[in-house]
Each structure stands twice: as C-alpha cells, then as structure tokens.
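File shown: my_file.cif. Contents: mmCIF, C-alpha atoms and all ligand atoms.
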```
data_coords
loop_
_atom_site.label_atom_id
_atom_site.label_comp_id
_atom_site.auth_asym_id
_atom_site.auth_seq_id
_atom_site.Cartn_x
_atom_site.Cartn_y
_atom_site.Cartn_z
CA MET F 1 120.03 22.25 173.17
CA ASN F 2 117.05 23.17 175.31
CA THR F 3 116.05 19.69 176.43
CA SER F 4 114.31 21.09 179.52
CA PHE F 5 111.94 23.01 177.20
CA PHE F 6 110.96 19.80 175.39
CA THR F 7 110.61 17.87 178.64
CA LEU F 8 108.37 20.54 180.12
CA GLU F 9 106.29 20.63 176.95
CA SER F 10 105.83 16.88 176.89
CA THR F 11 104.40 16.88 180.41
CA PHE F 12 101.61 19.19 179.32
CA LEU F 13 100.83 18.40 175.68
CA ALA F 14 98.34 15.73 174.62
CA PRO F 15 99.88 12.82 172.67
CA TYR F 16 98.11 14.00 169.48
CA ALA F 17 99.53 17.53 169.79
CA PHE F 18 102.48 18.45 167.60
CA HIS F 19 105.46 18.36 169.93
CA SER F 20 108.11 20.99 169.18
CA GLU F 21 110.76 18.30 169.38
CA GLN F 22 109.26 16.68 166.24
CA THR F 23 109.84 19.76 164.09
CA ALA F 24 111.21 19.25 160.57
CA GLY F 25 113.32 22.34 161.24
CA ARG F 26 114.08 25.28 158.97
CA ARG F 27 115.18 25.40 155.33
CA HIS F 28 118.38 27.13 156.39
CA PRO F 29 119.48 25.14 159.45
CA GLU F 30 120.05 27.11 162.64
CA GLN F 31 121.25 26.28 166.11
CA THR F 32 118.36 25.67 168.52
CA HIS F 33 117.82 28.48 171.00
CA SER F 34 118.90 28.12 174.60
CA TYR F 35 115.50 28.96 176.15
CA ARG F 36 112.93 29.51 173.36
CA GLY F 37 111.23 26.68 171.48
CA PRO F 38 111.09 26.80 167.66
CA TYR F 39 107.55 28.24 167.45
CA GLN F 40 108.27 30.89 170.06
CA ARG F 41 111.06 32.03 167.75
CA ASP F 42 108.69 31.93 164.77
CA ARG F 43 106.17 34.02 166.71
CA ASP F 44 108.84 36.62 167.47
CA ARG F 45 110.02 36.71 163.85
CA ILE F 46 106.48 37.27 162.59
CA VAL F 47 105.72 40.02 165.12
CA HIS F 48 108.97 41.80 164.26
CA CYS F 49 108.52 41.77 160.49
CA ALA F 50 107.45 44.92 158.63
CA ALA F 51 104.44 43.27 157.00
CA PHE F 52 103.03 42.48 160.46
CA ARG F 53 103.35 46.10 161.62
CA ARG F 54 101.60 47.31 158.48
CA LEU F 55 98.49 45.35 159.49
CA SER F 56 97.73 48.19 161.92
CA GLU F 57 96.65 50.36 158.98
CA LYS F 58 94.99 47.72 156.88
CA THR F 59 91.28 47.08 156.58
CA GLN F 60 89.50 44.19 158.23
CA VAL F 61 86.02 45.15 156.98
CA PHE F 62 85.84 48.89 157.54
CA THR F 63 88.62 51.29 156.53
CA ILE F 64 90.01 54.21 158.51
CA ASP F 65 87.59 56.53 156.70
CA PHE F 66 84.69 54.96 158.59
CA GLY F 67 85.87 55.87 162.09
CA ASN F 68 88.23 54.70 164.82
CA TYR F 69 86.31 52.09 166.80
CA HIS F 70 86.37 49.12 164.46
CA ARG F 71 88.88 46.30 164.06
CA THR F 72 91.89 46.67 161.85
CA ARG F 73 93.62 43.69 160.30
CA LEU F 74 96.09 43.83 163.19
CA THR F 75 93.54 43.77 166.02
CA HIS F 76 91.62 41.04 164.19
CA THR F 77 94.87 39.06 164.00
CA LEU F 78 95.43 39.48 167.75
CA GLU F 79 91.85 38.48 168.53
CA VAL F 80 92.14 35.36 166.37
CA THR F 81 95.46 34.48 167.98
CA ASN F 82 94.00 34.83 171.47
CA VAL F 83 91.09 32.55 170.66
CA ALA F 84 93.49 30.09 168.98
CA ARG F 85 95.68 30.03 172.09
CA THR F 86 92.66 29.44 174.32
CA LEU F 87 91.49 26.55 172.14
CA ALA F 88 95.00 25.09 171.87
CA ARG F 89 95.68 25.23 175.60
CA SER F 90 92.29 23.78 176.51
CA LEU F 91 92.79 20.90 174.09
CA ARG F 92 96.40 20.49 175.27
CA LEU F 93 97.70 21.23 171.78
CA ASN F 94 100.91 23.12 171.00
CA GLU F 95 99.94 26.66 171.99
CA ASP F 96 103.20 28.16 170.67
CA LEU F 97 102.59 26.69 167.22
CA ALA F 98 98.95 27.86 167.20
CA GLU F 99 100.08 31.33 168.26
CA ALA F 100 102.66 31.62 165.46
CA LEU F 101 100.09 30.41 162.92
CA GLY F 102 97.47 32.85 164.21
CA LEU F 103 99.84 35.80 163.97
CA LEU F 104 100.84 34.79 160.45
CA HIS F 105 97.41 34.00 159.03
CA ASP F 106 96.54 37.44 157.59
CA VAL F 107 100.03 38.91 157.13
CA GLY F 108 99.60 38.78 153.34
CA HIS F 109 96.55 41.03 153.22
CA PRO F 110 96.81 43.96 150.82
CA PRO F 111 95.26 47.35 151.67
CA PHE F 112 91.43 47.61 151.72
CA GLY F 113 90.73 44.01 152.73
CA HIS F 114 89.08 41.64 150.29
CA THR F 115 88.31 44.48 147.87
CA GLY F 116 92.04 45.11 147.56
CA GLU F 117 92.66 41.40 147.17
CA ASP F 118 90.03 41.06 144.41
CA ALA F 119 91.42 44.11 142.58
CA LEU F 120 95.00 42.79 142.65
CA ASP F 121 93.80 39.32 141.65
CA ASP F 122 92.05 40.75 138.58
CA LEU F 123 95.01 42.93 137.69
CA THR F 124 97.50 40.05 137.85
CA ARG F 125 95.23 37.36 136.38
CA GLU F 126 97.62 36.71 133.48
CA VAL F 127 100.63 36.16 135.71
CA GLY F 128 99.01 33.86 138.28
CA GLY F 129 96.66 36.18 140.20
CA PHE F 130 96.83 37.33 143.81
CA SER F 131 95.71 35.71 147.05
CA HIS F 132 96.40 37.03 150.55
CA ASN F 133 97.14 33.50 151.76
CA MET F 134 99.73 32.99 149.03
CA GLN F 135 101.12 36.45 149.65
CA ALA F 136 101.73 35.62 153.32
CA LEU F 137 103.98 32.79 152.16
CA ARG F 138 105.79 35.06 149.68
CA ILE F 139 106.43 37.53 152.48
CA VAL F 140 107.86 35.06 154.97
CA GLU F 141 109.72 32.91 152.43
CA LYS F 142 111.04 35.57 150.10
CA LEU F 143 110.20 39.24 150.51
CA GLU F 144 111.15 40.10 154.09
CA MET F 145 114.92 40.42 154.38
CA ARG F 146 115.85 40.12 158.03
CA TYR F 147 118.91 37.91 158.01
CA PRO F 148 122.11 38.20 156.00
CA HIS F 149 122.08 35.91 152.93
CA ILE F 150 118.77 34.28 153.89
CA PRO F 151 115.54 35.33 152.17
CA GLY F 152 112.43 35.56 154.31
CA LEU F 153 112.08 34.75 158.01
CA ASN F 154 113.34 31.16 157.81
CA LEU F 155 110.31 29.91 159.74
CA SER F 156 109.79 26.32 160.85
CA GLU F 157 108.38 23.93 158.25
CA GLU F 158 105.19 23.33 160.28
CA VAL F 159 104.33 27.05 160.24
CA LEU F 160 104.93 27.29 156.49
CA LEU F 161 102.90 24.15 155.82
CA GLY F 162 100.07 25.45 158.01
CA GLN F 163 99.89 28.65 155.99
CA LYS F 164 100.16 26.68 152.75
CA PHE F 165 97.10 24.71 153.79
CA ARG F 166 95.13 27.96 154.06
CA TYR F 167 96.15 28.83 150.53
CA LEU F 168 95.46 25.43 148.99
CA LYS F 169 92.28 24.44 150.80
CA LYS F 170 90.04 26.70 148.69
CA SER F 171 90.94 25.13 145.39
CA HIS F 172 92.22 21.64 146.22
CA ALA F 173 90.93 18.61 148.07
CA ILE F 174 93.87 18.17 150.43
CA PRO F 175 94.36 16.13 153.60
CA ALA F 176 93.59 17.72 156.96
CA PRO F 177 96.45 19.70 158.51
CA LEU F 178 97.86 19.46 162.05
CA LEU F 179 95.30 20.11 164.79
CA GLU F 180 97.09 23.39 165.61
CA VAL F 181 96.36 24.62 162.06
CA GLN F 182 92.73 23.55 162.44
CA VAL F 183 92.53 25.53 165.68
CA VAL F 184 93.49 28.76 163.89
CA ASP F 185 90.86 28.20 161.19
CA ALA F 186 88.20 27.70 163.87
CA ALA F 187 89.40 30.77 165.79
CA ASP F 188 89.33 32.96 162.66
CA SER F 189 85.78 31.97 161.88
CA ILE F 190 84.63 32.57 165.49
CA SER F 191 86.29 35.96 165.71
CA TYR F 192 85.21 37.69 162.55
CA GLY F 193 81.50 36.89 162.79
CA ALA F 194 81.05 38.29 166.28
CA HIS F 195 83.41 41.23 165.83
CA ASP F 196 82.11 42.32 162.43
CA ALA F 197 78.63 42.46 163.97
CA ASP F 198 80.00 44.56 166.85
CA ASP F 199 81.78 46.97 164.47
CA ALA F 200 78.71 47.27 162.25
CA LEU F 201 76.59 48.20 165.27
CA GLU F 202 79.06 50.82 166.46
CA LEU F 203 79.34 52.38 163.01
CA GLY F 204 75.56 52.44 162.53
CA PHE F 205 75.42 49.94 159.68
CA LEU F 206 73.15 47.75 161.78
CA SER F 207 70.85 48.28 164.77
CA LEU F 208 70.23 45.86 167.62
CA ASP F 209 66.75 45.35 166.16
CA ASP F 210 68.30 44.34 162.83
CA LEU F 211 70.55 41.81 164.52
CA ALA F 212 67.64 40.41 166.50
CA GLU F 213 66.54 38.91 163.15
CA ASN F 214 69.50 36.53 163.43
CA ALA F 215 68.99 33.35 165.48
CA LEU F 216 72.52 33.12 166.91
CA TRP F 217 72.47 36.74 168.03
CA ARG F 218 69.02 36.18 169.58
CA ILE F 219 70.27 33.17 171.57
CA ALA F 220 73.20 35.18 172.96
CA SER F 221 70.93 38.19 173.69
CA LYS F 222 68.52 35.98 175.60
CA ARG F 223 71.35 34.72 177.83
CA VAL F 224 72.42 38.30 178.53
CA ASP F 225 68.82 39.27 179.35
CA GLU F 226 68.69 36.38 181.84
CA LYS F 227 71.91 37.54 183.52
CA TYR F 228 71.25 41.30 183.62
CA SER F 229 68.16 43.43 183.62
CA ASP F 230 69.55 46.95 183.71
CA LEU F 231 72.08 47.32 180.88
CA ASP F 232 72.25 50.38 178.65
CA THR F 233 72.49 49.74 174.90
CA HIS F 234 76.26 49.83 174.78
CA SER F 235 76.83 47.50 177.74
CA PHE F 236 74.18 45.16 176.39
CA ARG F 237 75.94 44.97 173.04
CA ASP F 238 79.32 44.30 174.66
CA ALA F 239 77.78 41.59 176.82
CA VAL F 240 76.14 39.92 173.79
CA VAL F 241 79.41 39.90 171.81
CA ARG F 242 81.21 38.35 174.82
CA GLU F 243 78.44 35.80 175.26
CA LEU F 244 78.52 34.97 171.57
CA ILE F 245 82.26 34.35 171.50
CA ASP F 246 82.19 32.40 174.74
CA ARG F 247 79.42 30.23 173.38
CA LEU F 248 81.18 29.62 170.06
CA VAL F 249 84.53 28.82 171.71
CA GLY F 250 82.85 26.51 174.26
CA ASP F 251 81.01 24.71 171.46
CA VAL F 252 84.19 24.16 169.40
CA LEU F 253 85.93 22.82 172.50
CA ARG F 254 83.16 20.37 173.37
CA GLN F 255 82.71 19.16 169.80
CA SER F 256 86.45 18.86 169.14
CA GLU F 257 87.08 16.91 172.35
CA ARG F 258 84.35 14.53 171.30
CA ASN F 259 85.75 14.24 167.75
CA ILE F 260 89.26 13.58 169.03
CA GLU F 261 88.06 10.94 171.45
CA GLU F 262 85.94 9.18 168.83
CA SER F 263 88.79 9.26 166.29
CA GLY F 264 91.02 7.30 168.68
CA ILE F 265 94.12 9.22 167.54
CA SER F 266 97.21 9.02 169.69
CA THR F 267 99.78 10.98 167.66
CA ALA F 268 99.93 14.15 165.54
CA ALA F 269 100.66 11.97 162.49
CA GLU F 270 97.41 10.08 163.03
CA ALA F 271 95.44 13.31 163.44
CA VAL F 272 96.07 14.35 159.84
CA GLU F 273 94.68 11.06 158.55
CA HIS F 274 91.20 12.07 159.69
CA PRO F 275 88.83 14.70 158.32
CA ILE F 276 88.89 18.05 160.20
CA LEU F 277 88.47 17.34 163.94
CA ILE F 278 88.54 20.87 165.35
CA LYS F 279 85.19 22.37 164.46
CA PRO F 280 81.86 23.49 165.86
CA GLY F 281 78.93 21.18 166.44
CA ALA F 282 76.42 20.81 163.58
CA GLU F 283 73.81 23.05 165.21
CA ILE F 284 76.16 25.95 165.89
CA GLU F 285 77.79 25.52 162.50
CA GLU F 286 74.43 26.10 160.86
CA LEU F 287 73.65 29.11 163.05
CA LYS F 288 77.09 30.56 162.33
CA ALA F 289 76.55 30.16 158.61
CA GLU F 290 73.25 32.05 158.99
CA LEU F 291 75.07 34.87 160.80
CA GLY F 292 77.69 34.92 158.04
CA ALA F 293 74.99 35.17 155.34
CA PHE F 294 73.21 37.89 157.33
CA LEU F 295 76.42 39.94 157.64
CA PHE F 296 77.21 39.40 153.98
CA GLU F 297 73.89 40.88 152.89
CA ARG F 298 73.52 43.60 155.49
CA VAL F 299 77.09 44.70 156.18
CA TYR F 300 79.56 43.56 153.52
CA ARG F 301 77.08 44.63 150.81
CA HIS F 302 75.85 47.75 152.58
CA PRO F 303 75.53 50.63 150.02
CA LYS F 304 78.15 52.70 151.88
CA VAL F 305 80.61 49.79 151.88
CA LEU F 306 79.96 49.07 148.20
CA THR F 307 80.51 52.72 147.26
CA TYR F 308 83.81 52.72 149.13
CA ARG F 309 84.80 49.49 147.43
CA ARG F 310 84.20 50.93 143.98
CA GLN F 311 86.33 53.91 144.95
CA VAL F 312 89.31 51.90 146.24
CA ARG F 313 89.21 49.69 143.16
CA VAL F 314 89.75 52.80 141.06
CA TRP F 315 92.65 53.81 143.28
CA LEU F 316 94.35 50.40 143.00
CA ASN F 317 93.71 50.11 139.25
CA GLU F 318 95.26 53.51 138.66
CA LEU F 319 98.20 52.80 140.95
CA TYR F 320 98.88 49.47 139.28
CA ASP F 321 98.71 51.08 135.85
CA TYR F 322 101.06 53.84 136.95
CA PHE F 323 103.66 51.62 138.61
CA THR F 324 103.75 49.05 135.81
CA LYS F 325 104.42 51.95 133.41
CA ASN F 326 106.90 53.62 135.78
CA PRO F 327 108.74 50.76 137.53
CA ASP F 328 111.59 53.14 138.40
CA ARG F 329 109.20 54.69 140.97
CA ILE F 330 109.07 51.40 142.89
CA PRO F 331 111.65 51.24 145.70
CA GLU F 332 114.92 49.48 144.91
CA ARG F 333 114.30 46.68 147.40
CA TYR F 334 111.65 45.20 145.05
CA ALA F 335 114.05 45.05 142.07
CA LYS F 336 114.89 41.39 142.60
CA VAL F 337 111.24 40.44 142.11
CA MET F 338 111.24 42.18 138.72
CA GLU F 339 114.38 40.27 137.68
CA THR F 340 113.05 36.88 138.67
CA GLU F 341 109.26 37.16 138.38
CA GLY F 342 108.56 40.18 136.22
CA LEU F 343 107.15 43.64 136.40
CA GLU F 344 103.55 42.71 137.20
CA ARG F 345 104.50 40.66 140.25
CA MET F 346 106.78 43.41 141.48
CA ALA F 347 103.96 45.97 141.19
CA ALA F 348 101.56 43.60 142.98
CA ASP F 349 104.07 43.03 145.81
CA TYR F 350 104.64 46.75 146.18
CA LEU F 351 100.93 47.63 146.15
CA SER F 352 100.00 44.84 148.53
CA ASP F 353 102.63 46.02 151.00
CA MET F 354 100.94 49.43 151.14
CA THR F 355 98.61 50.26 153.98
CA ASP F 356 95.18 51.81 153.37
CA ARG F 357 96.65 55.18 154.21
CA SER F 358 99.77 54.92 152.06
CA ALA F 359 97.78 53.61 149.07
CA LYS F 360 95.35 56.50 149.38
CA LEU F 361 98.19 59.01 149.68
CA GLU F 362 99.96 57.51 146.67
CA TYR F 363 96.75 57.79 144.67
CA LEU F 364 96.29 61.43 145.72
CA ARG F 365 99.87 62.13 144.75
CA LEU F 366 99.19 60.62 141.35
CA VAL F 367 96.11 62.77 140.84
CA ASP F 368 98.10 65.73 142.05
CA ASP F 369 100.93 65.11 139.57
CA ARG F 370 98.44 65.23 136.71
CA LYS F 371 97.15 68.67 137.68
CA THR F 372 98.71 71.71 136.04
CA VAL F 373 98.62 73.63 139.32
CA PRO F 374 100.19 71.40 141.97
CA ARG F 375 98.45 71.14 145.32
CA SER F 376 100.49 71.63 148.45
CA PRO F 377 101.11 68.75 150.86
CA ILE F 378 99.01 70.68 153.41
CA GLU F 379 96.03 70.57 151.05
CA MET F 380 96.54 66.87 150.49
CA VAL F 381 96.56 66.11 154.19
CA ARG F 382 93.50 68.31 154.75
CA ASP F 383 91.58 66.47 152.00
CA PHE F 384 92.70 63.14 153.39
MG MG U 1 91.54 36.37 159.45
#
```

So, in terms of structure tokens, how does the structure I just supplied come out?
Ligand code: MG
Amino acid sequence: MNTSFFTLESTFLAPYAFHSEQTAGRRHPEQTHSYRGPYQRDRDRIVHCAAFRRLSEKTQVFTIDFGNYHRTRLTHTLEVTNVARTLARSLRLNEDLAEALGLLHDVGHPPFGHTGEDALDDLTREVGGFSHNMQALRIVEKLEMRYPHIPGLNLSEEVLLGQKFRYLKKSHAIPAPLLEVQVVDAADSISYGAHDADDALELGFLSLDDLAENALWRIASKRVDEKYSDLDTHSFRDAVVRELIDRLVGDVLRQSERNIEESGISTAAEAVEHPILIKPGAEIEELKAELGAFLFERVYRHPKVLTYRRQVRVWLNELYDYFTKNPDRIPERYAKVMETEGLERMAADYLSDMTDRSAKLEYLRLVDDRKTVPRSPIEMVRDF
C-alpha cells in the first residue's frame, strides 16, 4: 500500500479536494499500486487505450480536408487537460483526478465532430440514440478490452461518475459533481472558444477585423496593443489567444476561490451539496457566451463548414445503411455488442470508432464497390 503517496497528497490538497485515499475503488477490485495513485493509473489506462489514439484523426471543428494547422480532437483534449491541471493545482484540488477526467472527456467522439454525433444520433434514434459523452462511458466500461476477463479499463468510480455527470447534465437536473469534475468543464469551455477562433483565423474563415466585432476579443487585443507595438499579424494573433486564455483562466480562479470561501465547505462531500462553484465571474461568463454565439454564426455555420457537414452526413448515412445490411463486414471484436445490444448499436459503435480518414476511406470503398469498373487503390488515395 502506498501510504507515502497519500501522506504526500494530503500535505498539498485543500480539505475540499477529493483525496485519492477516499476513492470508492474499482468495480473489479485490484491491488493498489506501489508508487502510482489511483487516478495516475486511470490517466495511464486512458492514454493507452485505442479510442484515445484515434482522437488524433478526429475532428474538433475542422476536418483534415481543411488543412494541417487546426486542432484535432486529440490536441483539444490535451489543451483542456492542461488548463484543467492548472486550475486544479492552483485551487489545491486533486490534479491527478482532473487530469484523468480531462483526458477522458472527449474519448467517445465519433468521426467528424458534432456532425458525426448528430448523424449517429438520428440513425440510432429508435434504439436509444447516440451521445459522445455516453459513448465515452461505453468505451471505458465495455468496449475496450485491455485486461483478461475484465471488460473496459476498470477505471476508478470517481472518474466514471465524473464522465456520467457530463452525459446526464444536459437532460437532467442533477446535483453538482466533485470540484475536479467542475474544473474540467470550465477548462473545456475556456479552451474551445479561444482555440476555435485561432483556427478559424488561420484557415481564413475569419479575419482579425471580423473578430474585432467581439467584445472579449477586443479586450484581449487591447491588452496586447498595450504590451507590444510592433507585432506582425501572426504574432499579434498568437499573443491575443494567449492573453484571452490567461484572462479566462485567471477569472475562473479568482471567482472559484471566492465561491469556495463563501460556501464555507471543508470537505469534498460538502462541495457537492452546493451549486457549481468552479466557474467564471458573471461579467466574463456573459462575454464568453457572446464569443460562443459569434463563433456559432460565423464559423460553425460558415457556408464551407455547412457544405462539408452535408457531405459527411451522406457518408455516415450510407455507411450505416451498408453495415446494418452487411454485419458480417464488421470486425469480429464487435460481435458481442450485436448479441447483447443488437445490430444497430454494433454498427454505431463500429462507425463511431472510425477516424475521419477511415470513415472517408470506407465510404470511398463503398462507392468503388458499386462501380462496374473498379478503381485502383492508387486512384482512391489520389482522390483522397
Ligand atoms: Mg471537449
């Protein structure tokens, strides 16, 4: 038993942090590790699972067909996790738990981001629908097979419950989760706003003049102008994105410290009896919402993005139709899902595991199979 780990942790963590020693453990009991705490082990299990690696070729907002500068689901995940760790350490929360939760938060994303999610949700409506937050739980509780006789990654209860909160919070009024879970939510929201704006600028979907219409961007730009007078466009943009994130993180820290102090909590159990404590101040929250609405209109609904979305919906619809009619073409490892949950769920699991690239290649193969004169693999790659 690694008592020195727990002792060391307790000297640093705030009383309202979730101490690793308090863990409810794993569904399939395991010996504790000699030098890693439970959430360090969870972090390692998540990073080493296949679904996590596939995030490198999955869309955040822009797909690989738009270029090679922008965030993928993997780099977004790493950026969120870094911000979550910064927030957790500064608030003296359990950084290991926040890190594991950050790495897990988007593991269930299908190819092509929210377009892929919406398509799969529509296709599986009659058998319960599809949600990336639910899918993350399916992956780590059931689909990944990493240990003999144990389905999933056998993660700690707190990590599973944290992810479950993400899934349930949209449709249910549920109590607040541990502060470490709240930290990841705050980090996700900070990261995607600033980084989607950065990607949109690089890819030419927005100009700096366009973004100057947004109040939060203007505030960050003004600070950069005060610090530097001689930046070229690119350096200016980088500096504004940095300033924006720094400002948003600093604001969440200040507001959350105040909330925690005013709540009077002294244990992790008390923390969940309060409404969300880790959040931005009212002013920044409003400005962030404005930035979100701006990006929604100008980037997420940009004609080029919408055209691509229509295209990938066709790909996924056709693939789903094909694989539900030809389940023998789905790899053997998914067979258990068909036995227990049916054909539709198996097809959804298989499609959601695909990366943008593999889904596109599968679709091209399908089109190719229908042609009387087969195209060569070289032609397919060239067209891709
Ligand atoms: Mg995310």

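Residue nearest ligand MG 1 (chain U), chosen from F:Pro175, F:Pro38, F:Gly193, F:Pro29 and counting only C-alpha atoms and all ligand atoms: F:Gly193.
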
Each residue of chain F lying at most 12 Å from ligand MG 1 (chain U) should get a row with its shortest atom-to-atom pair and the distance in Å to one decimal, counting all atoms listed in the file; could you produce that, ordered by chain and increasing number, as a Markdown table?
```
| residue | atom | partner | partner_atom | distance |
| --- | --- | --- | --- | --- |
| F:Leu55 | CA | U:MG1 | MG | 11.4 |
| F:Thr59 | CA | U:MG1 | MG | 11.1 |
| F:Gln60 | CA | U:MG1 | MG | 8.2 |
| F:Val61 | CA | U:MG1 | MG | 10.7 |
| F:Arg71 | CA | U:MG1 | MG | 11.3 |
| F:Thr72 | CA | U:MG1 | MG | 10.6 |
| F:Arg73 | CA | U:MG1 | MG | 7.7 |
| F:Leu74 | CA | U:MG1 | MG | 9.5 |
| F:Thr75 | CA | U:MG1 | MG | 10.1 |
| F:His76 | CA | U:MG1 | MG | 6.7 |
| F:Thr77 | CA | U:MG1 | MG | 6.2 |
| F:Leu78 | CA | U:MG1 | MG | 9.7 |
| F:Glu79 | CA | U:MG1 | MG | 9.3 |
| F:Val80 | CA | U:MG1 | MG | 7.0 |
| F:Thr81 | CA | U:MG1 | MG | 9.6 |
| F:Val83 | CA | U:MG1 | MG | 11.9 |
| F:Ala84 | CA | U:MG1 | MG | 11.6 |
| F:Leu101 | CA | U:MG1 | MG | 11.0 |
| F:Gly102 | CA | U:MG1 | MG | 8.4 |
| F:Leu103 | CA | U:MG1 | MG | 9.5 |
| F:Leu104 | CA | U:MG1 | MG | 9.5 |
| F:His105 | CA | U:MG1 | MG | 6.3 |
| F:Asp106 | CA | U:MG1 | MG | 5.4 |
| F:Val107 | CA | U:MG1 | MG | 9.2 |
| F:Gly108 | CA | U:MG1 | MG | 10.4 |
| F:His109 | CA | U:MG1 | MG | 9.3 |
| F:Gly113 | CA | U:MG1 | MG | 10.2 |
| F:His114 | CA | U:MG1 | MG | 10.9 |
| F:His132 | CA | U:MG1 | MG | 10.2 |
| F:Asn133 | CA | U:MG1 | MG | 9.9 |
| F:Ala136 | CA | U:MG1 | MG | 11.9 |
| F:Gln163 | CA | U:MG1 | MG | 11.9 |
| F:Arg166 | CA | U:MG1 | MG | 10.6 |
| F:Val184 | CA | U:MG1 | MG | 9.0 |
| F:Asp185 | CA | U:MG1 | MG | 8.4 |
| F:Ala186 | CA | U:MG1 | MG | 10.3 |
| F:Ala187 | CA | U:MG1 | MG | 8.7 |
| F:Asp188 | CA | U:MG1 | MG | 5.2 |
| F:Ser189 | CA | U:MG1 | MG | 7.6 |
| F:Ile190 | CA | U:MG1 | MG | 9.9 |
| F:Ser191 | CA | U:MG1 | MG | 8.2 |
| F:Tyr192 | CA | U:MG1 | MG | 7.2 |
| F:Gly193 | CA | U:MG1 | MG | 10.6 |
| F:His195 | CA | U:MG1 | MG | 11.4 |
| F:Asp196 | CA | U:MG1 | MG | 11.5 |
```

Requested write-out: C-alpha atoms of the selected residues, as a tab-separated table (two decimals), keeping the file's coordinate frame:
```
chain	number	residue	atom	x	y	z
F	55	LEU	CA	98.49	45.35	159.49
F	59	THR	CA	91.28	47.08	156.58
F	60	GLN	CA	89.50	44.19	158.23
F	61	VAL	CA	86.02	45.15	156.98
F	71	ARG	CA	88.88	46.30	164.06
F	72	THR	CA	91.89	46.67	161.85
F	73	ARG	CA	93.62	43.69	160.30
F	74	LEU	CA	96.09	43.83	163.19
F	75	THR	CA	93.54	43.77	166.02
F	76	HIS	CA	91.62	41.04	164.19
F	77	THR	CA	94.87	39.06	164.00
F	78	LEU	CA	95.43	39.48	167.75
F	79	GLU	CA	91.85	38.48	168.53
F	80	VAL	CA	92.14	35.36	166.37
F	81	THR	CA	95.46	34.48	167.98
F	83	VAL	CA	91.09	32.55	170.66
F	84	ALA	CA	93.49	30.09	168.98
F	101	LEU	CA	100.09	30.41	162.92
F	102	GLY	CA	97.47	32.85	164.21
F	103	LEU	CA	99.84	35.80	163.97
F	104	LEU	CA	100.84	34.79	160.45
F	105	HIS	CA	97.41	34.00	159.03
F	106	ASP	CA	96.54	37.44	157.59
F	107	VAL	CA	100.03	38.91	157.13
F	108	GLY	CA	99.60	38.78	153.34
F	109	HIS	CA	96.55	41.03	153.22
F	113	GLY	CA	90.73	44.01	152.73
F	114	HIS	CA	89.08	41.64	150.29
F	132	HIS	CA	96.40	37.03	150.55
F	133	ASN	CA	97.14	33.50	151.76
F	136	ALA	CA	101.73	35.62	153.32
F	163	GLN	CA	99.89	28.65	155.99
F	166	ARG	CA	95.13	27.96	154.06
F	184	VAL	CA	93.49	28.76	163.89
F	185	ASP	CA	90.86	28.20	161.19
F	186	ALA	CA	88.20	27.70	163.87
F	187	ALA	CA	89.40	30.77	165.79
F	188	ASP	CA	89.33	32.96	162.66
F	189	SER	CA	85.78	31.97	161.88
F	190	ILE	CA	84.63	32.57	165.49
F	191	SER	CA	86.29	35.96	165.71
F	192	TYR	CA	85.21	37.69	162.55
F	193	GLY	CA	81.50	36.89	162.79
F	195	HIS	CA	83.41	41.23	165.83
F	196	ASP	CA	82.11	42.32	162.43
```

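Note that atom CA of Leu160 of chain F and atom CA of Ile139 of chain F are 11.1 Å apart.
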
* **Residue nearest Asp118 of chain F among F:Ala348, F:Leu155, F:Ala335, F:Leu97 (counting only C-alpha atoms)** => F:Ala348

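Those residues that approach Glu21 of chain F to within 7 Å, counting all atoms listed in the file, are Phe6, His19 and Thr23 of chain F; same-chain residues fewer than 2 positions away are not listed.
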
Write the residues of the selection above to a file with C-alpha atoms, as a PDB file, in the frame of the given file.
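Printed below is out_2.pdb as written:
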```
ATOM      1  CA  PHE F   6     110.960  19.800 175.390  1.00  0.00           C
ATOM      2  CA  HIS F  19     105.460  18.360 169.930  1.00  0.00           C
ATOM      3  CA  THR F  23     109.840  19.760 164.090  1.00  0.00           C
TER       4      THR F  23
END
```

As a short mmCIF file (atom, residue, chain, number, x, y, z; two decimals), in the coordinates of the input, please: segment 92-102 of chain F completed to N, CA, C and O atoms.
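Heads up, here's the output in out-v4.cif:
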```
data_model
loop_
_atom_site.label_atom_id
_atom_site.label_comp_id
_atom_site.auth_asym_id
_atom_site.auth_seq_id
_atom_site.Cartn_x
_atom_site.Cartn_y
_atom_site.Cartn_z
N ARG F 92 95.02 20.94 175.01
CA ARG F 92 96.40 20.49 175.27
C ARG F 92 97.18 20.29 173.96
O ARG F 92 97.93 19.33 173.79
N LEU F 93 96.93 21.22 173.03
CA LEU F 93 97.70 21.23 171.78
C LEU F 93 98.88 22.17 171.95
O LEU F 93 99.01 22.83 172.99
N ASN F 94 99.71 22.28 170.91
CA ASN F 94 100.91 23.12 171.00
C ASN F 94 100.52 24.60 170.85
O ASN F 94 100.32 25.09 169.73
N GLU F 95 100.41 25.28 171.98
CA GLU F 95 99.94 26.66 171.99
C GLU F 95 100.91 27.59 171.25
O GLU F 95 100.50 28.55 170.59
N ASP F 96 102.20 27.32 171.36
CA ASP F 96 103.20 28.16 170.67
C ASP F 96 103.02 28.08 169.16
O ASP F 96 103.10 29.08 168.45
N LEU F 97 102.78 26.87 168.66
CA LEU F 97 102.59 26.69 167.22
C LEU F 97 101.30 27.38 166.77
O LEU F 97 101.27 28.09 165.76
N ALA F 98 100.23 27.21 167.54
CA ALA F 98 98.95 27.86 167.20
C ALA F 98 99.11 29.38 167.22
O ALA F 98 98.57 30.08 166.36
N GLU F 99 99.88 29.88 168.17
CA GLU F 99 100.08 31.33 168.26
C GLU F 99 100.82 31.86 167.03
O GLU F 99 100.41 32.87 166.43
N ALA F 100 101.90 31.18 166.65
CA ALA F 100 102.66 31.62 165.46
C ALA F 100 101.77 31.59 164.22
O ALA F 100 101.76 32.52 163.41
N LEU F 101 100.97 30.54 164.08
CA LEU F 101 100.09 30.41 162.92
C LEU F 101 99.01 31.49 162.92
O LEU F 101 98.65 32.04 161.87
N GLY F 102 98.50 31.79 164.10
CA GLY F 102 97.47 32.85 164.21
C GLY F 102 98.03 34.20 163.82
O GLY F 102 97.41 34.96 163.07
#
```
